[in-house]
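Trainee: I'm passing along start34.csv; it holds CSV, C-alpha atoms and all ligand atoms.
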chain,number,residue,atom,x,y,z
A,1,MET,CA,-8.0,-60.7,-0.6
A,2,THR,CA,-7.6,-61.4,-4.3
A,3,GLN,CA,-8.6,-58.4,-6.5
A,4,ARG,CA,-8.1,-57.2,-10.1
A,5,THR,CA,-7.1,-53.8,-11.3
A,6,LEU,CA,-6.9,-51.9,-14.6
A,7,VAL,CA,-3.4,-50.6,-15.4
A,8,LEU,CA,-2.4,-48.3,-18.3
A,9,LEU,CA,1.2,-47.6,-19.3
A,10,LYS,CA,0.7,-44.1,-20.7
A,11,PRO,CA,2.1,-43.0,-24.1
A,12,ASP,CA,5.1,-41.4,-22.5
A,13,ALA,CA,6.1,-44.8,-21.0
A,14,VAL,CA,5.8,-46.5,-24.3
A,15,ARG,CA,7.6,-43.8,-26.2
A,16,ARG,CA,10.5,-43.9,-23.8
A,17,GLY,CA,10.9,-47.7,-23.9
A,18,LEU,CA,9.9,-48.3,-20.3
A,19,ILE,CA,7.2,-51.0,-20.9
A,20,GLY,CA,9.5,-53.8,-19.8
A,21,GLU,CA,10.9,-51.9,-16.8
A,22,ILE,CA,7.4,-51.1,-15.5
A,23,ILE,CA,5.8,-54.5,-16.2
A,24,GLY,CA,8.9,-56.2,-14.6
A,25,ARG,CA,8.1,-54.4,-11.3
A,26,ILE,CA,4.5,-55.5,-11.4
A,27,GLU,CA,5.4,-59.1,-12.4
A,28,ARG,CA,7.9,-59.5,-9.6
A,29,LYS,CA,5.3,-58.9,-6.9
A,30,ALA,CA,4.6,-62.4,-5.4
A,31,GLY,CA,1.5,-64.0,-6.8
A,32,TRP,CA,0.4,-61.1,-9.0
A,33,ARG,CA,-0.6,-62.1,-12.6
A,34,ILE,CA,-1.2,-60.2,-15.8
A,35,THR,CA,-4.5,-61.7,-17.1
A,36,ALA,CA,-5.0,-59.3,-20.1
A,37,LEU,CA,-2.5,-57.1,-22.0
A,38,GLU,CA,-2.8,-55.1,-25.2
A,39,LEU,CA,-0.8,-52.3,-26.9
A,40,ARG,CA,-3.3,-49.9,-28.5
A,41,THR,CA,-3.7,-46.2,-29.3
A,42,LEU,CA,-6.6,-45.1,-27.1
A,43,ASP,CA,-9.5,-43.2,-28.9
A,44,THR,CA,-11.1,-40.1,-27.4
A,45,GLU,CA,-14.4,-41.9,-26.7
A,46,THR,CA,-12.7,-44.5,-24.5
A,47,LEU,CA,-10.8,-41.8,-22.7
A,48,GLU,CA,-13.9,-39.7,-22.1
A,49,GLN,CA,-15.5,-42.6,-20.4
A,50,HIS,CA,-12.3,-43.5,-18.4
A,51,TYR,CA,-11.7,-39.9,-17.2
A,52,SER,CA,-15.4,-38.8,-16.8
A,53,GLU,CA,-14.7,-37.8,-13.2
A,54,HIS,CA,-12.3,-35.2,-14.5
A,55,LYS,CA,-14.5,-33.6,-17.2
A,56,GLY,CA,-14.5,-29.8,-16.9
A,57,LYS,CA,-11.3,-29.6,-15.0
A,58,PRO,CA,-8.5,-27.5,-16.5
A,59,PHE,CA,-6.2,-30.5,-17.1
A,60,TYR,CA,-8.9,-32.6,-18.8
A,61,GLU,CA,-8.6,-31.6,-22.4
A,62,PRO,CA,-4.7,-31.8,-22.5
A,63,LEU,CA,-4.9,-35.1,-20.6
A,64,VAL,CA,-7.2,-36.7,-23.2
A,65,GLU,CA,-4.9,-35.3,-26.0
A,66,PHE,CA,-1.8,-36.7,-24.4
A,67,MET,CA,-3.4,-40.1,-23.6
A,68,SER,CA,-4.3,-40.5,-27.3
A,69,SER,CA,-1.0,-39.2,-28.6
A,70,GLY,CA,0.5,-42.7,-29.2
A,71,PRO,CA,0.2,-46.3,-28.2
A,72,ALA,CA,-0.5,-47.2,-24.6
A,73,VAL,CA,-0.5,-50.6,-22.9
A,74,ALA,CA,-3.7,-51.6,-21.2
A,75,MET,CA,-3.6,-54.5,-18.7
A,76,ILE,CA,-5.6,-56.3,-16.1
A,77,VAL,CA,-3.5,-57.4,-13.1
A,78,GLU,CA,-4.9,-59.8,-10.6
A,79,GLY,CA,-3.6,-60.7,-7.1
A,80,GLU,CA,-3.5,-60.1,-3.4
A,81,ARG,CA,-4.4,-56.4,-2.6
A,82,VAL,CA,-3.4,-55.5,-6.1
A,83,VAL,CA,-5.5,-52.3,-6.3
A,84,GLU,CA,-3.6,-50.6,-3.4
A,85,GLY,CA,-0.4,-52.4,-4.4
A,86,VAL,CA,-0.1,-51.0,-7.9
A,87,ARG,CA,-0.9,-47.5,-6.6
A,88,THR,CA,1.9,-47.9,-4.2
A,89,LEU,CA,4.3,-49.0,-6.9
A,90,ALA,CA,3.2,-46.0,-9.1
A,91,GLY,CA,3.6,-43.4,-6.3
A,92,PRO,CA,1.7,-40.1,-6.0
A,93,THR,CA,0.3,-38.3,-9.1
A,94,ASP,CA,3.0,-35.6,-9.1
A,95,PRO,CA,6.3,-37.3,-10.1
A,96,ILE,CA,8.4,-34.7,-8.4
A,97,ALA,CA,6.6,-35.4,-5.1
A,98,ALA,CA,6.8,-39.2,-5.7
A,99,PRO,CA,9.5,-41.0,-3.7
A,100,PRO,CA,12.5,-42.5,-5.5
A,101,GLY,CA,11.8,-46.2,-5.8
A,102,SER,CA,8.3,-45.6,-7.1
A,103,ILE,CA,7.7,-45.7,-10.9
A,104,ARG,CA,6.7,-42.0,-11.1
A,105,GLY,CA,9.4,-41.0,-8.6
A,106,ASP,CA,12.1,-42.8,-10.6
A,107,TYR,CA,11.1,-41.8,-14.2
A,108,GLY,CA,8.7,-38.9,-14.2
A,109,VAL,CA,8.9,-35.1,-14.1
A,110,ILE,CA,5.6,-33.7,-15.5
A,111,VAL,CA,2.3,-34.3,-13.7
A,112,ARG,CA,0.5,-35.2,-16.8
A,113,GLU,CA,3.2,-37.5,-18.2
A,114,ASN,CA,3.4,-39.6,-15.1
A,115,LEU,CA,3.8,-43.0,-16.9
A,116,ILE,CA,1.1,-45.1,-15.4
A,117,HIS,CA,-2.5,-45.3,-14.4
A,118,ALA,CA,-3.9,-47.7,-11.9
A,119,SER,CA,-7.5,-48.0,-10.6
A,120,ASP,CA,-8.0,-46.2,-7.3
A,121,SER,CA,-10.5,-48.6,-5.8
A,122,ALA,CA,-11.9,-52.1,-6.4
A,123,GLU,CA,-15.1,-50.4,-7.7
A,124,SER,CA,-13.1,-48.2,-10.1
A,125,ALA,CA,-11.3,-51.2,-11.3
A,126,GLU,CA,-14.5,-53.0,-12.2
A,127,ARG,CA,-15.8,-49.9,-14.0
A,128,GLU,CA,-12.5,-49.4,-15.9
A,129,ILE,CA,-12.1,-53.0,-16.9
A,130,LYS,CA,-15.5,-52.9,-18.6
A,131,ILE,CA,-14.3,-49.8,-20.6
A,132,PHE,CA,-11.0,-51.3,-21.8
A,133,PHE,CA,-11.8,-55.0,-21.8
A,134,PRO,CA,-15.6,-55.3,-22.3
A,135,ASP,CA,-15.4,-59.1,-22.8
A,136,ARG,CA,-13.7,-59.4,-19.4
A,137,GLY,CA,-16.2,-57.3,-17.5
B,1,LIG,P1,-4.4,-42.0,-12.6
B,1,LIG,O1,-5.9,-41.8,-12.5
B,1,LIG,O2,-3.8,-41.7,-14.0
B,1,LIG,O3,-3.9,-43.3,-12.0
B,1,LIG,O4,-3.6,-40.9,-11.7
B,1,LIG,P2,-4.1,-40.3,-10.3
B,1,LIG,O5,-5.3,-41.0,-9.7
B,1,LIG,O6,-2.8,-40.3,-9.5
B,1,LIG,O7,-4.5,-38.9,-10.7
B,1,LIG,P3,-5.9,-38.2,-11.0
B,1,LIG,O8,-6.1,-37.1,-10.0
B,1,LIG,O9,-7.0,-39.3,-11.2
B,1,LIG,O10,-5.6,-37.5,-12.4
B,1,LIG,C1,-5.6,-38.3,-13.6
B,1,LIG,C2,-4.4,-37.9,-14.4
B,1,LIG,O11,-4.6,-36.6,-14.9
B,1,LIG,C3,-3.3,-36.0,-15.1
B,1,LIG,N1,-3.3,-34.8,-14.3
B,1,LIG,N2,-2.8,-33.7,-14.7
B,1,LIG,N3,-2.7,-30.6,-12.8
B,1,LIG,C4,-2.5,-31.4,-13.8
B,1,LIG,O12,-2.0,-31.0,-14.8
B,1,LIG,C5,-2.9,-32.8,-13.7
B,1,LIG,N4,-3.5,-33.3,-12.7
B,1,LIG,C6,-3.8,-34.6,-13.0
B,1,LIG,C7,-2.3,-37.0,-14.6
B,1,LIG,O13,-1.8,-37.7,-15.7
B,1,LIG,C8,-3.1,-37.9,-13.7
B,1,LIG,O14,-2.5,-39.2,-13.6
B,2,MG,MG,-7.1,-41.4,-10.9
Starting from the file, give its structure as C-alpha cells.
Ligand code: RTP
Ligand code: MG
Mentor:
Amino acid sequence: MTQRTLVLLKPDAVRRGLIGEIIGRIERKAGWRITALELRTLDTETLEQHYSEHKGKPFYEPLVEFMSSGPAVAMIVEGERVVEGVRTLAGPTDPIAAPPGSIRGDYGVIVRENLIHASDSAESAEREIKIFFPDRG
C-alpha cells in the first residue's frame, strides 16, 4: 500500500544539526522517496491550522511558539506503509519513554522538543500536505 505522509523536522532538530541524521534514516527505508522538501520558518497561521486539534490544551501556545522559533524542514515522503512507518521511526511523543533506536529515543529529552512530526493517519497526511504544500494537495 503506497501512501504519502507529511514530515516536519522541528526547529530543535535543525538547530542541533540533525537534519542529515534524521533524513538518512528515512531515506534508507527500502523504496521510500522524498518527493518535496523545504527549509522554512513556520508562521503562526500555518501552525494554527496544523495543530488545530490541540487548540485550548495547556501545551498549545508554547508548542506554536517553539515551532516558529527557527527554521524547520517540511517534507512529503512517499512509499509502502510510510504513515505508520515514519511514526515507528520517530517513536512515542515523550522522548524519555521512546525506545533507543527511535529518533526521539536517541536524541530527545523534552516532550515539546521531540525533533520530528509525522502524520498520524493517511487522512491526517492529506490534510497536512495541503497546509504545507498547497500545490501538492
Ligand atoms: P506530532 O503530532 O508532533 O507528530 O507528535 P505526536 O502525535 O506524537 O504528539 P501530539 O499529541 O499530536 O502532540 C503534538 C506535539 O505537541 C507537543 N506536546 N507537548 N505535554 C506537553 O508538553 C506536550 N504534549 C505534546 C509535542 O511536540 C508533540 O509532538
Ligand atoms: Mg500528532
Trainee: As a quick test: using only C-alpha atoms and all ligand atoms, which residues lie no more than 9 Å away from ligand LIG 1 (chain B)? Give them as a PyMOL selection string.
Mentor: chain A and resi 7-8+10+50-51+53-54+57-60+62-64+66-67+87+90-94+110-120
Trainee: Would you pick out the contacts of Ile22 in chain A at 12 Å or less, using all atoms listed in the file, so that residues sharing its chain but fewer than 5 positions from it are not included, and give the list as number ranges by chain?
Mentor: A: 7-10, 13-14, 16-17, 27-29, 73, 75, 86, 89-90, 101-104, 106-107, 115-117
Trainee: Save the residues we just selected, C-alpha atoms, as a compact mmCIF listing (two decimals), in the frame of the given file?
Mentor:
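Output below, filename again03.txt:
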# COMPACT_ATOMS: atom_id res chain seq x y z
CA VAL A 7 -3.40 -50.60 -15.40
CA LEU A 8 -2.40 -48.30 -18.30
CA LEU A 9 1.20 -47.60 -19.30
CA LYS A 10 0.70 -44.10 -20.70
CA ALA A 13 6.10 -44.80 -21.00
CA VAL A 14 5.80 -46.50 -24.30
CA ARG A 16 10.50 -43.90 -23.80
CA GLY A 17 10.90 -47.70 -23.90
CA GLU A 27 5.40 -59.10 -12.40
CA ARG A 28 7.90 -59.50 -9.60
CA LYS A 29 5.30 -58.90 -6.90
CA VAL A 73 -0.50 -50.60 -22.90
CA MET A 75 -3.60 -54.50 -18.70
CA VAL A 86 -0.10 -51.00 -7.90
CA LEU A 89 4.30 -49.00 -6.90
CA ALA A 90 3.20 -46.00 -9.10
CA GLY A 101 11.80 -46.20 -5.80
CA SER A 102 8.30 -45.60 -7.10
CA ILE A 103 7.70 -45.70 -10.90
CA ARG A 104 6.70 -42.00 -11.10
CA ASP A 106 12.10 -42.80 -10.60
CA TYR A 107 11.10 -41.80 -14.20
CA LEU A 115 3.80 -43.00 -16.90
CA ILE A 116 1.10 -45.10 -15.40
CA HIS A 117 -2.50 -45.30 -14.40
Trainee: For Leu6 in chain A, list every protein, DNA or RNA residue within 12 Å, evaluated using only C-alpha atoms, and leave out those in the same chain fewer than 3 positions away; present the list as a ChimeraX atom specification.
Mentor: /A:3,9,34-38,50,73-78,82-84,86-87,116-133,136-137
Trainee: Go through A:Thr44, A:Ser69, A:Ser52, A:Thr2 and flag the residue nearest ligand MG 2 (chain B), using all atoms listed in the file for the distances.
Mentor: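 The answer is A:Ser52, which sits nearest to ligand MG 2 (chain B).
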Trainee: Mind pulling up the distance from CA of Ala97 in chain A to CA of Asp12 in chain A?
Mentor: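 We find that CA of Asp12 in chain A and CA of Ala97 in chain A lie 18.5 Å from each other.
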Trainee: At what distance in Å, to one decimal, does CA of Ala98 in chain A lie from CA of Gly85 in chain A?
Mentor: 15.1 Å
Trainee: Could you tell me how far CA of Gly108 in chain A lies from CA of Ile23 in chain A, in Å and to one decimal?
Mentor: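 Those two atoms sit 16.0 Å apart.
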Trainee: If we count all atoms listed in the file and set the cut-off at 8 Å, which residues sit around Gly31 in chain A, ignoring sequence neighbours fewer than 2 positions away in its own chain? Please answer as a ChimeraX atom specification.
Mentor: /A:29,33,79-80
Trainee: For range 46-72 of chain A, supply N, CA and C atoms and report the output as an mmCIF file, in the coordinates of the input.
Mentor:
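Now in result12.cif:
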data_model
loop_
_atom_site.group_PDB
_atom_site.id
_atom_site.type_symbol
_atom_site.label_atom_id
_atom_site.label_comp_id
_atom_site.auth_asym_id
_atom_site.auth_seq_id
_atom_site.Cartn_x
_atom_site.Cartn_y
_atom_site.Cartn_z
ATOM 1 N N THR A 46 -13.153 -43.674 -25.650
ATOM 2 C CA THR A 46 -12.700 -44.500 -24.500
ATOM 3 C C THR A 46 -12.192 -43.655 -23.387
ATOM 4 N N LEU A 47 -11.378 -42.665 -23.743
ATOM 5 C CA LEU A 47 -10.800 -41.800 -22.700
ATOM 6 C C LEU A 47 -11.787 -40.935 -22.017
ATOM 7 N N GLU A 48 -12.813 -40.495 -22.753
ATOM 8 C CA GLU A 48 -13.900 -39.700 -22.100
ATOM 9 C C GLU A 48 -14.619 -40.481 -21.083
ATOM 10 N N GLN A 49 -14.853 -41.760 -21.373
ATOM 11 C CA GLN A 49 -15.500 -42.600 -20.400
ATOM 12 C C GLN A 49 -14.556 -42.821 -19.172
ATOM 13 N N HIS A 50 -13.303 -43.140 -19.485
ATOM 14 C CA HIS A 50 -12.300 -43.500 -18.400
ATOM 15 C C HIS A 50 -12.134 -42.288 -17.484
ATOM 16 N N TYR A 51 -12.024 -41.081 -18.046
ATOM 17 C CA TYR A 51 -11.700 -39.900 -17.200
ATOM 18 C C TYR A 51 -12.944 -39.033 -16.997
ATOM 19 N N SER A 52 -14.159 -39.610 -16.994
ATOM 20 C CA SER A 52 -15.400 -38.800 -16.800
ATOM 21 C C SER A 52 -15.385 -37.996 -15.542
ATOM 22 N N GLU A 53 -14.763 -38.537 -14.482
ATOM 23 C CA GLU A 53 -14.700 -37.800 -13.200
ATOM 24 C C GLU A 53 -13.957 -36.476 -13.313
ATOM 25 N N HIS A 54 -13.102 -36.361 -14.321
ATOM 26 C CA HIS A 54 -12.300 -35.200 -14.500
ATOM 27 C C HIS A 54 -12.809 -34.168 -15.484
ATOM 28 N N LYS A 55 -13.924 -34.516 -16.155
ATOM 29 C CA LYS A 55 -14.500 -33.600 -17.200
ATOM 30 C C LYS A 55 -14.760 -32.250 -16.612
ATOM 31 N N GLY A 56 -14.335 -31.205 -17.340
ATOM 32 C CA GLY A 56 -14.500 -29.800 -16.900
ATOM 33 C C GLY A 56 -13.355 -29.264 -16.112
ATOM 34 N N LYS A 57 -12.453 -30.120 -15.646
ATOM 35 C CA LYS A 57 -11.300 -29.600 -15.000
ATOM 36 C C LYS A 57 -10.265 -29.069 -15.988
ATOM 37 N N PRO A 58 -9.430 -28.101 -15.576
ATOM 38 C CA PRO A 58 -8.500 -27.500 -16.500
ATOM 39 C C PRO A 58 -7.557 -28.469 -17.205
ATOM 40 N N PHE A 59 -7.201 -29.544 -16.520
ATOM 41 C CA PHE A 59 -6.200 -30.500 -17.100
ATOM 42 C C PHE A 59 -6.885 -31.558 -17.983
ATOM 43 N N TYR A 60 -8.242 -31.537 -18.067
ATOM 44 C CA TYR A 60 -8.900 -32.600 -18.800
ATOM 45 C C TYR A 60 -8.609 -32.715 -20.250
ATOM 46 N N GLU A 61 -8.774 -31.597 -20.968
ATOM 47 C CA GLU A 61 -8.600 -31.600 -22.400
ATOM 48 C C GLU A 61 -7.122 -32.017 -22.790
ATOM 49 N N PRO A 62 -6.100 -31.350 -22.197
ATOM 50 C CA PRO A 62 -4.700 -31.800 -22.500
ATOM 51 C C PRO A 62 -4.428 -33.214 -22.084
ATOM 52 N N LEU A 63 -5.101 -33.670 -21.043
ATOM 53 C CA LEU A 63 -4.900 -35.100 -20.600
ATOM 54 C C LEU A 63 -5.398 -36.037 -21.677
ATOM 55 N N VAL A 64 -6.611 -35.794 -22.188
ATOM 56 C CA VAL A 64 -7.200 -36.700 -23.200
ATOM 57 C C VAL A 64 -6.295 -36.633 -24.479
ATOM 58 N N GLU A 65 -5.821 -35.441 -24.827
ATOM 59 C CA GLU A 65 -4.900 -35.300 -26.000
ATOM 60 C C GLU A 65 -3.647 -36.101 -25.812
ATOM 61 N N PHE A 66 -3.044 -35.943 -24.656
ATOM 62 C CA PHE A 66 -1.800 -36.700 -24.400
ATOM 63 C C PHE A 66 -2.048 -38.191 -24.383
ATOM 64 N N MET A 67 -3.135 -38.624 -23.759
ATOM 65 C CA MET A 67 -3.400 -40.100 -23.600
ATOM 66 C C MET A 67 -3.686 -40.733 -24.974
ATOM 67 N N SER A 68 -4.067 -39.909 -25.976
ATOM 68 C CA SER A 68 -4.300 -40.500 -27.300
ATOM 69 C C SER A 68 -3.191 -40.172 -28.274
ATOM 70 N N SER A 69 -2.068 -39.684 -27.776
ATOM 71 C CA SER A 69 -1.000 -39.200 -28.600
ATOM 72 C C SER A 69 -0.085 -40.319 -29.186
ATOM 73 N N GLY A 70 -0.306 -41.540 -28.777
ATOM 74 C CA GLY A 70 0.500 -42.700 -29.200
ATOM 75 C C GLY A 70 0.054 -43.907 -28.529
ATOM 76 N N PRO A 71 0.640 -45.044 -28.869
ATOM 77 C CA PRO A 71 0.200 -46.300 -28.200
ATOM 78 C C PRO A 71 0.401 -46.290 -26.730
ATOM 79 N N ALA A 72 -0.540 -46.939 -26.065
ATOM 80 C CA ALA A 72 -0.500 -47.200 -24.600
ATOM 81 C C ALA A 72 -0.596 -48.697 -24.415
#
